[in-house]
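Here is the file structure-v5.txt (compact mmCIF, C-alpha atoms).
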# COMPACT_ATOMS: atom_id res chain seq x y z
CA MET L 1 10.75 -21.55 -11.52
CA SER L 2 8.28 -18.74 -10.81
CA ALA L 3 9.23 -15.14 -11.53
CA PRO L 4 10.26 -13.05 -8.50
CA LEU L 5 7.73 -10.69 -6.95
CA THR L 6 8.67 -7.00 -6.69
CA ILE L 7 6.73 -4.25 -4.94
CA ARG L 8 7.46 -0.87 -6.46
CA ASP L 9 5.94 2.23 -8.02
CA LEU L 10 4.15 1.53 -11.31
CA HIS L 11 4.92 3.43 -14.50
CA GLY L 12 3.87 3.51 -18.13
CA PRO L 13 0.65 2.67 -20.01
CA GLN L 14 1.15 -1.10 -19.89
CA GLU L 15 1.51 -1.33 -16.10
CA LEU L 16 -1.24 1.20 -15.42
CA THR L 17 -3.62 -0.66 -17.73
CA ALA L 18 -2.77 -3.85 -15.85
CA ALA L 19 -3.59 -2.00 -12.60
CA GLU L 20 -7.00 -1.09 -14.03
CA ASP L 21 -7.60 -4.70 -15.10
CA LEU L 22 -6.71 -5.96 -11.62
CA GLN L 23 -9.37 -3.72 -10.05
CA LEU L 24 -12.04 -5.12 -12.39
CA ARG L 25 -10.99 -8.65 -11.47
CA VAL L 26 -11.11 -7.93 -7.72
CA TRP L 27 -14.31 -5.89 -7.49
CA GLY L 28 -16.25 -6.84 -10.60
CA GLY L 29 -18.80 -4.31 -11.76
CA SER L 30 -17.97 -2.07 -14.69
CA GLU L 31 -15.24 0.35 -15.68
CA ARG L 32 -17.02 3.14 -13.83
CA ASP L 33 -16.34 1.28 -10.55
CA VAL L 34 -12.54 1.39 -10.89
CA PHE L 35 -9.80 4.03 -10.79
CA PRO L 36 -8.96 4.25 -14.51
CA ARG L 37 -5.55 4.20 -16.13
CA ASP L 38 -5.60 7.88 -17.13
CA ALA L 39 -6.45 8.95 -13.57
CA LEU L 40 -3.65 6.74 -12.24
CA ARG L 41 -1.22 8.43 -14.62
CA ALA L 42 -2.36 11.89 -13.53
CA LEU L 43 -2.10 10.91 -9.88
CA GLU L 44 1.40 9.55 -10.38
CA HIS L 45 2.35 12.81 -12.13
CA ILE L 46 1.19 15.08 -9.28
CA GLY L 47 2.94 13.10 -6.54
CA GLY L 48 0.42 10.48 -5.45
CA LEU L 49 1.23 6.87 -4.72
CA VAL L 50 0.60 4.31 -7.48
CA ALA L 51 2.44 1.14 -6.49
CA GLY L 52 1.98 -2.52 -7.18
CA ALA L 53 3.25 -6.03 -6.79
CA VAL L 54 4.70 -7.18 -10.12
CA THR L 55 5.74 -10.67 -11.16
CA GLY L 56 6.53 -11.87 -14.66
CA GLY L 57 5.15 -8.64 -16.11
CA GLU L 58 1.79 -9.13 -14.33
CA VAL L 59 0.43 -6.72 -11.70
CA VAL L 60 -0.99 -8.90 -8.89
CA GLY L 61 -1.32 -6.25 -6.19
CA LEU L 62 -2.10 -2.54 -6.14
CA VAL L 63 -2.09 0.28 -3.60
CA VAL L 64 -3.12 3.83 -4.52
CA GLY L 65 -2.77 6.89 -2.27
CA LEU L 66 -3.99 10.43 -2.94
CA PRO L 67 -2.56 13.71 -1.62
CA THR L 68 -4.83 15.69 0.71
CA ALA L 69 -5.13 19.32 1.79
CA ASP L 70 -2.85 18.42 4.71
CA PRO L 71 0.62 17.50 3.40
CA ARG L 72 1.10 15.22 6.42
CA VAL L 73 -1.90 13.09 5.50
CA GLN L 74 -2.44 10.71 2.59
CA HIS L 75 -5.82 9.28 1.59
CA SER L 76 -5.38 5.64 0.64
CA HIS L 77 -7.93 5.17 -2.13
CA LEU L 78 -7.63 1.44 -2.72
CA LEU L 79 -5.79 -1.78 -1.99
CA ALA L 80 -6.27 -4.74 -4.31
CA VAL L 81 -4.75 -8.24 -4.36
CA HIS L 82 -5.24 -10.77 -7.16
CA PRO L 83 -7.41 -13.69 -5.88
CA GLY L 84 -4.62 -16.13 -6.64
CA TRP L 85 -2.23 -14.23 -4.38
CA ARG L 86 -4.42 -13.88 -1.28
CA GLY L 87 -3.55 -15.43 2.05
CA GLY L 88 0.20 -15.04 1.71
CA GLY L 89 0.72 -11.64 3.31
CA LEU L 90 0.84 -9.60 0.09
CA ALA L 91 -1.74 -7.05 1.30
CA ARG L 92 0.38 -6.33 4.37
CA ARG L 93 3.52 -6.00 2.24
CA LEU L 94 1.76 -3.46 0.04
CA LYS L 95 0.66 -1.44 3.08
CA LEU L 96 4.16 -1.52 4.55
CA TYR L 97 5.49 -0.26 1.23
CA GLN L 98 2.94 2.55 1.45
CA ARG L 99 4.05 3.33 5.01
CA ASP L 100 7.72 3.59 4.02
CA TRP L 101 6.83 5.60 0.91
CA CYS L 102 4.86 8.09 3.01
CA LEU L 103 7.43 8.42 5.80
CA ALA L 104 10.14 9.16 3.22
CA ARG L 105 8.01 12.15 2.09
CA GLY L 106 7.08 13.52 5.52
CA ILE L 107 3.59 11.96 5.56
CA SER L 108 2.77 10.70 9.05
CA ARG L 109 -0.87 9.58 8.74
CA VAL L 110 -2.79 7.53 6.19
CA GLU L 111 -6.58 7.43 6.11
CA TRP L 112 -8.97 5.34 4.03
CA THR L 113 -12.57 4.25 3.91
CA TYR L 114 -13.75 0.65 3.96
CA ASP L 115 -16.97 -1.29 4.37
CA PRO L 116 -17.38 -1.89 8.13
CA LEU L 117 -19.24 -5.16 7.53
CA ARG L 118 -16.38 -6.86 5.65
CA ALA L 119 -14.82 -8.93 8.43
CA VAL L 120 -11.60 -9.82 6.58
CA ASN L 121 -10.91 -6.15 5.81
CA ALA L 122 -11.81 -5.05 9.33
CA HIS L 123 -9.43 -7.56 10.90
CA PHE L 124 -6.64 -6.52 8.55
CA ASN L 125 -7.14 -2.76 8.91
CA ILE L 126 -7.84 -2.56 12.63
CA HIS L 127 -6.19 -5.57 14.27
CA ARG L 128 -3.19 -6.24 12.04
CA LEU L 129 -2.24 -2.73 10.91
CA GLY L 130 -3.34 -1.00 14.12
CA ALA L 131 -5.59 1.60 12.51
CA THR L 132 -8.40 3.18 14.54
CA ALA L 133 -11.75 4.68 13.50
CA ASP L 134 -14.12 7.27 14.92
CA THR L 135 -15.97 8.43 11.78
CA TYR L 136 -18.87 6.60 10.10
CA LEU L 137 -20.16 7.71 6.69
CA ASP L 138 -23.66 6.73 5.54
CA ASP L 139 -23.97 5.51 1.91
CA PHE L 140 -20.69 7.23 1.07
CA TYR L 141 -20.50 6.29 -2.62
CA GLY L 142 -24.20 5.87 -3.32
CA GLU L 143 -25.29 2.84 -5.32
CA MET L 144 -22.42 0.57 -6.32
CA GLY L 145 -21.99 -2.49 -8.53
CA GLY L 146 -19.95 -5.67 -8.45
CA ILE L 147 -19.36 -7.18 -5.00
CA ASN L 148 -20.81 -4.03 -3.37
CA ALA L 149 -24.20 -4.23 -5.08
CA GLY L 150 -27.35 -4.69 -3.02
CA VAL L 151 -26.52 -2.78 0.14
CA ALA L 152 -25.87 0.88 1.00
CA SER L 153 -22.21 1.86 0.67
CA ASP L 154 -21.63 2.85 4.30
CA ARG L 155 -17.98 3.29 5.22
CA LEU L 156 -15.74 3.62 8.27
CA VAL L 157 -12.75 5.96 8.05
CA ALA L 158 -9.63 4.08 9.14
CA VAL L 159 -6.85 6.25 10.56
CA TRP L 160 -3.32 4.80 10.50
CA ASP L 161 -0.82 6.78 12.56
CA LEU L 162 2.58 5.95 11.08
CA THR L 163 4.68 7.51 13.84
CA GLY L 164 2.68 7.26 17.08
CA PRO L 165 2.28 4.31 19.46
CA PRO L 166 -0.26 1.59 18.64
CA PRO L 167 -3.76 2.11 20.06
CA ALA L 168 -4.40 0.96 23.62
CA ARG L 169 -6.47 -2.22 23.64
CA PRO L 170 -8.49 -3.57 26.57
CA GLY L 171 -7.50 -6.89 28.07
CA SER L 172 -9.71 -9.96 27.52
CA PRO L 173 -11.71 -8.31 24.71
CA ALA L 174 -13.87 -11.42 24.17
CA THR L 175 -15.43 -10.89 27.61
CA LEU L 176 -16.53 -7.31 26.93
CA PRO L 177 -20.27 -6.58 26.86
CA ALA L 178 -21.88 -6.77 23.40
CA VAL L 179 -24.07 -3.96 22.10
CA ASN L 180 -25.75 -6.03 19.39
CA ALA L 181 -26.90 -9.57 18.79
CA PRO L 182 -24.28 -11.73 16.99
CA GLU L 183 -26.93 -13.63 15.03
CA ASP L 184 -28.69 -10.69 13.32
CA GLY L 185 -27.04 -7.43 14.42
CA ARG L 186 -30.05 -6.29 16.49
CA PHE L 187 -28.92 -3.19 18.41
CA LEU L 188 -28.93 -3.50 22.22
CA PRO L 189 -28.63 -0.77 24.87
CA ILE L 190 -25.11 0.43 25.62
CA PRO L 191 -24.21 -0.73 29.15
CA PRO L 192 -23.91 2.34 31.42
CA GLY L 193 -20.33 3.22 32.28
CA ALA L 194 -18.75 0.59 30.00
CA GLU L 195 -15.24 1.65 29.02
CA ALA L 196 -15.15 -0.82 26.11
CA VAL L 197 -17.74 -2.87 24.23
CA ARG L 198 -18.07 -5.38 21.38
CA LEU L 199 -20.02 -4.67 18.18
CA HIS L 200 -20.68 -7.77 16.08
CA ILE L 201 -20.76 -7.92 12.28
CA PRO L 202 -21.61 -10.83 9.95
CA ALA L 203 -18.90 -13.41 9.36
CA ASP L 204 -19.31 -13.18 5.57
CA LEU L 205 -21.19 -10.21 4.12
CA GLY L 206 -20.61 -11.42 0.55
CA ALA L 207 -22.34 -14.73 1.25
CA LEU L 208 -25.29 -12.93 2.85
CA LEU L 209 -25.67 -10.62 -0.14
CA THR L 210 -25.86 -13.69 -2.38
CA SER L 211 -28.10 -15.93 -0.29
CA GLN L 212 -30.00 -13.63 2.08
CA PRO L 213 -29.88 -10.04 0.76
CA ALA L 214 -32.63 -8.81 3.09
CA ARG L 215 -30.61 -10.02 6.08
CA ALA L 216 -27.52 -8.21 4.77
CA VAL L 217 -29.54 -4.98 4.56
CA GLN L 218 -30.75 -5.59 8.13
CA TRP L 219 -27.17 -5.90 9.33
CA ARG L 220 -26.31 -2.64 7.59
CA THR L 221 -29.24 -0.80 9.18
CA GLN L 222 -28.66 -2.15 12.68
CA THR L 223 -24.90 -1.62 12.75
CA ARG L 224 -25.25 1.86 11.28
CA GLN L 225 -27.46 2.78 14.23
CA ALA L 226 -25.03 1.21 16.67
CA PHE L 227 -21.95 2.91 15.23
CA HIS L 228 -23.58 6.33 15.29
CA ALA L 229 -24.67 5.83 18.91
CA LEU L 230 -21.27 4.60 20.07
CA LEU L 231 -19.12 7.09 18.19
CA GLY L 232 -21.44 9.89 19.29
CA ASP L 233 -20.98 8.77 22.90
CA GLY L 234 -17.18 9.08 22.74
CA TYR L 235 -16.18 5.55 21.74
CA ARG L 236 -13.75 4.76 18.92
CA VAL L 237 -12.76 1.53 17.19
CA THR L 238 -9.51 0.19 18.67
CA ASP L 239 -9.47 -3.53 17.83
CA PHE L 240 -11.23 -6.30 15.94
CA LEU L 241 -11.92 -9.89 16.95
CA ALA L 242 -11.98 -12.52 14.21
CA GLY L 243 -13.78 -15.87 14.41
CA ASP L 244 -17.26 -17.30 14.00
CA ALA L 245 -18.81 -14.24 15.67
CA PRO L 246 -16.51 -11.40 14.53
CA ALA L 247 -16.76 -8.14 16.41
CA TYR L 248 -15.25 -4.68 16.70
CA VAL L 249 -13.88 -3.49 20.02
CA LEU L 250 -14.78 0.13 20.73
CA SER L 251 -13.14 1.93 23.66
CA ARG L 252 -13.60 5.30 25.28

Show me, as structure tokens, the structure contained in the file I just sent.
Amino acid sequence: MSAPLTIRDLHGPQELTAAEDLQLRVWGGSERDVFPRDALRALEHIGGLVAGAVTGGEVVGLVVGLPTADPRVQHSHLLAVHPGWRGGGLARRLKLYQRDWCLARGISRVEWTYDPLRAVNAHFNIHRLGATADTYLDDFYGEMGGINAGVASDRLVAVWDLTGPPPARPGSPATLPAVNAPEDGRFLPIPPGAEAVRLHIPADLGALLTSQPARAVQWRTQTRQAFHALLGDGYRVTDFLAGDAPAYVLSR
């Protein structure tokens, strides 16, 4: 019989070391690419969120949230799930734990950065959780290692309103005009007067970085241009469409 899974705050050197080890397993790279045990302990001490999914003494999921200058806002620094525990809803359970943890402390908004070309993350953050985004950051972390190596570390800022209504989403999003080519990301003119549009991203950025790194860089360059043009023209990310040709939905 397998050990029960518990999601709770993490404490003590053993659990925080396990949280560090989980990050290395998920993202690869080196120790400089993870949030280290000592920093997790300091964050826990000053009132940040350091929580995980624990089973049989093993940490198989992790969510870390940092305080910000606005006491109503938390910056969610990372979310990690052990590869053997993916696909079963654990990431969502960790985020819901974070939501309840924040609401109990008067925090009404959670923000985090993520790679806009990672389709699985985009679908989870935007479509499933209902976050929105209107800020794009070029090469936010600089050069990175592990699964992020080989392409500039551009990031979208996801904004998760914990108390407000979910974002309004246009009907029949798959029929909206596209502002880039789904096969290579080539940026196309924004249709005049369009209230909502689709912006395609690659179905699997990781596979492209392994097999066709130049094409991955092209996707980054083209979608960076598109995001800046759209967000600068008053659009914001309100939904995400999964599938063979995944795409963001941006609405005015």

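All residues of protein, DNA or RNA that reach within 7 Å of Ala158 of chain L, judged by all atoms listed in the file and not counting those fewer than 3 positions away in the chain, are L:Glu111, L:Trp112, L:Thr113, L:Ala131, L:Thr132, L:Ala133.
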
Task: Local residues around (4.2, -11.4, -13.3), at most 12 Å away, using only C-alpha atoms, as a ChimeraX atom specification - done: /L:2-7,15,18,52-61,82,85

Task: Counting all atoms listed in the file, the residue of L:Asn148, L:Gln225, L:Thr135, L:Ser211 that sits nearest Asp33 of chain L - done: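 Answer, going by the shortest atom-to-atom distance: L:Asn148.
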
Task: Contacts of Pro165 of chain L at 12 Å (all atoms listed in the file; same-chain gap of 3+ positions) as a ChimeraX atom specification - done: /L:129-132,160-162,168-169

Write out, as a PDB file, in the frame of the given file, the residues just selected, with C-alpha atoms.
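The new file selection.pdb reads:
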ATOM      1  CA  LEU L 129      -2.240  -2.730  10.910  1.00  0.00           C
ATOM      2  CA  GLY L 130      -3.340  -1.000  14.120  1.00  0.00           C
ATOM      3  CA  ALA L 131      -5.590   1.600  12.510  1.00  0.00           C
ATOM      4  CA  THR L 132      -8.400   3.180  14.540  1.00  0.00           C
ATOM      5  CA  TRP L 160      -3.320   4.800  10.500  1.00  0.00           C
ATOM      6  CA  ASP L 161      -0.820   6.780  12.560  1.00  0.00           C
ATOM      7  CA  LEU L 162       2.580   5.950  11.080  1.00  0.00           C
ATOM      8  CA  ALA L 168      -4.400   0.960  23.620  1.00  0.00           C
ATOM      9  CA  ARG L 169      -6.470  -2.220  23.640  1.00  0.00           C
TER      10      ARG L 169
END

TODO: Would you mind telling me which residue in L:Val151, L:Ala80, L:Ala51, L:Ala42 lies nearest to Arg220 of chain L when using all atoms listed in the file?
DONE: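 When distances to Arg220 of chain L are compared using all atoms listed in the file, the smallest one comes from L:Val151.
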
Open item on the list: Could you tell me how far atom CA of Arg118 of chain L sits from atom CA of Leu79 of chain L, in Å to one decimal place?
Closed with: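 Straight-line distance from atom CA of Leu79 of chain L to atom CA of Arg118 of chain L works out to 14.0 Å.
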
- [ ] Quick one: everything within 7 Å of His77 of chain L, counting all atoms listed in the file, minus sequence neighbours fewer than 6 positions away in the same chain. Send it as a list in words.
- [x] Val64, Gly65, Leu66 and Trp112 of chain L

Open item on the list: Considering all atoms listed in the file, can you say which of L:Pro71, L:Leu90, L:Asp38, L:Glu195 comes closest to Pro170 of chain L?
Closed with: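 Between L:Pro71, L:Leu90, L:Asp38, L:Glu195, the residue approaching Pro170 of chain L most closely is L:Glu195.
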
Task: Using all atoms listed in the file: which of L:Leu208, L:Leu62, L:Val159, L:Ala152 has the shortest distance to Val110 of chain L - done: L:Val159

For segment 115-127 of chain L, supply N, CA, C and O atoms and report the output as a PDB file, in the frame of the given file.
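Dumped everything to rebuild-v6.pdb:
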ATOM      1  N   ASP L 115     -15.656  -0.813   3.953  1.00  0.00           N
ATOM      2  CA  ASP L 115     -16.970  -1.290   4.370  1.00  0.00           C
ATOM      3  C   ASP L 115     -16.851  -1.916   5.765  1.00  0.00           C
ATOM      4  O   ASP L 115     -16.147  -2.912   5.946  1.00  0.00           O
ATOM      5  N   PRO L 116     -17.539  -1.366   6.771  1.00  0.00           N
ATOM      6  CA  PRO L 116     -17.380  -1.890   8.130  1.00  0.00           C
ATOM      7  C   PRO L 116     -17.921  -3.289   8.340  1.00  0.00           C
ATOM      8  O   PRO L 116     -17.630  -3.916   9.365  1.00  0.00           O
ATOM      9  N   LEU L 117     -18.695  -3.816   7.379  1.00  0.00           N
ATOM     10  CA  LEU L 117     -19.240  -5.160   7.530  1.00  0.00           C
ATOM     11  C   LEU L 117     -18.402  -6.239   6.842  1.00  0.00           C
ATOM     12  O   LEU L 117     -18.781  -7.408   6.842  1.00  0.00           O
ATOM     13  N   ARG L 118     -17.274  -5.871   6.264  1.00  0.00           N
ATOM     14  CA  ARG L 118     -16.380  -6.860   5.650  1.00  0.00           C
ATOM     15  C   ARG L 118     -15.374  -7.306   6.712  1.00  0.00           C
ATOM     16  O   ARG L 118     -14.403  -6.612   7.023  1.00  0.00           O
ATOM     17  N   ALA L 119     -15.605  -8.494   7.282  1.00  0.00           N
ATOM     18  CA  ALA L 119     -14.820  -8.930   8.430  1.00  0.00           C
ATOM     19  C   ALA L 119     -13.333  -9.094   8.113  1.00  0.00           C
ATOM     20  O   ALA L 119     -12.477  -8.741   8.932  1.00  0.00           O
ATOM     21  N   VAL L 120     -13.009  -9.617   6.941  1.00  0.00           N
ATOM     22  CA  VAL L 120     -11.600  -9.820   6.580  1.00  0.00           C
ATOM     23  C   VAL L 120     -10.879  -8.470   6.528  1.00  0.00           C
ATOM     24  O   VAL L 120      -9.764  -8.316   7.047  1.00  0.00           O
ATOM     25  N   ASN L 121     -11.512  -7.483   5.907  1.00  0.00           N
ATOM     26  CA  ASN L 121     -10.910  -6.150   5.810  1.00  0.00           C
ATOM     27  C   ASN L 121     -10.800  -5.497   7.182  1.00  0.00           C
ATOM     28  O   ASN L 121      -9.801  -4.833   7.494  1.00  0.00           O
ATOM     29  N   ALA L 122     -11.836  -5.652   8.000  1.00  0.00           N
ATOM     30  CA  ALA L 122     -11.810  -5.050   9.330  1.00  0.00           C
ATOM     31  C   ALA L 122     -10.672  -5.623  10.166  1.00  0.00           C
ATOM     32  O   ALA L 122      -9.941  -4.884  10.843  1.00  0.00           O
ATOM     33  N   HIS L 123     -10.504  -6.937  10.125  1.00  0.00           N
ATOM     34  CA  HIS L 123      -9.430  -7.560  10.900  1.00  0.00           C
ATOM     35  C   HIS L 123      -8.066  -7.079  10.413  1.00  0.00           C
ATOM     36  O   HIS L 123      -7.167  -6.786  11.226  1.00  0.00           O
ATOM     37  N   PHE L 124      -7.909  -6.979   9.102  1.00  0.00           N
ATOM     38  CA  PHE L 124      -6.640  -6.520   8.550  1.00  0.00           C
ATOM     39  C   PHE L 124      -6.366  -5.061   8.917  1.00  0.00           C
ATOM     40  O   PHE L 124      -5.284  -4.726   9.427  1.00  0.00           O
ATOM     41  N   ASN L 125      -7.347  -4.193   8.692  1.00  0.00           N
ATOM     42  CA  ASN L 125      -7.140  -2.760   8.910  1.00  0.00           C
ATOM     43  C   ASN L 125      -6.957  -2.417  10.389  1.00  0.00           C
ATOM     44  O   ASN L 125      -6.049  -1.644  10.746  1.00  0.00           O
ATOM     45  N   ILE L 126      -7.802  -2.965  11.224  1.00  0.00           N
ATOM     46  CA  ILE L 126      -7.840  -2.560  12.630  1.00  0.00           C
ATOM     47  C   ILE L 126      -6.904  -3.399  13.497  1.00  0.00           C
ATOM     48  O   ILE L 126      -6.111  -2.853  14.280  1.00  0.00           O
ATOM     49  N   HIS L 127      -6.991  -4.721  13.381  1.00  0.00           N
ATOM     50  CA  HIS L 127      -6.190  -5.570  14.270  1.00  0.00           C
ATOM     51  C   HIS L 127      -4.744  -5.694  13.793  1.00  0.00           C
ATOM     52  O   HIS L 127      -3.814  -5.533  14.580  1.00  0.00           O
TER      53      HIS L 127
END
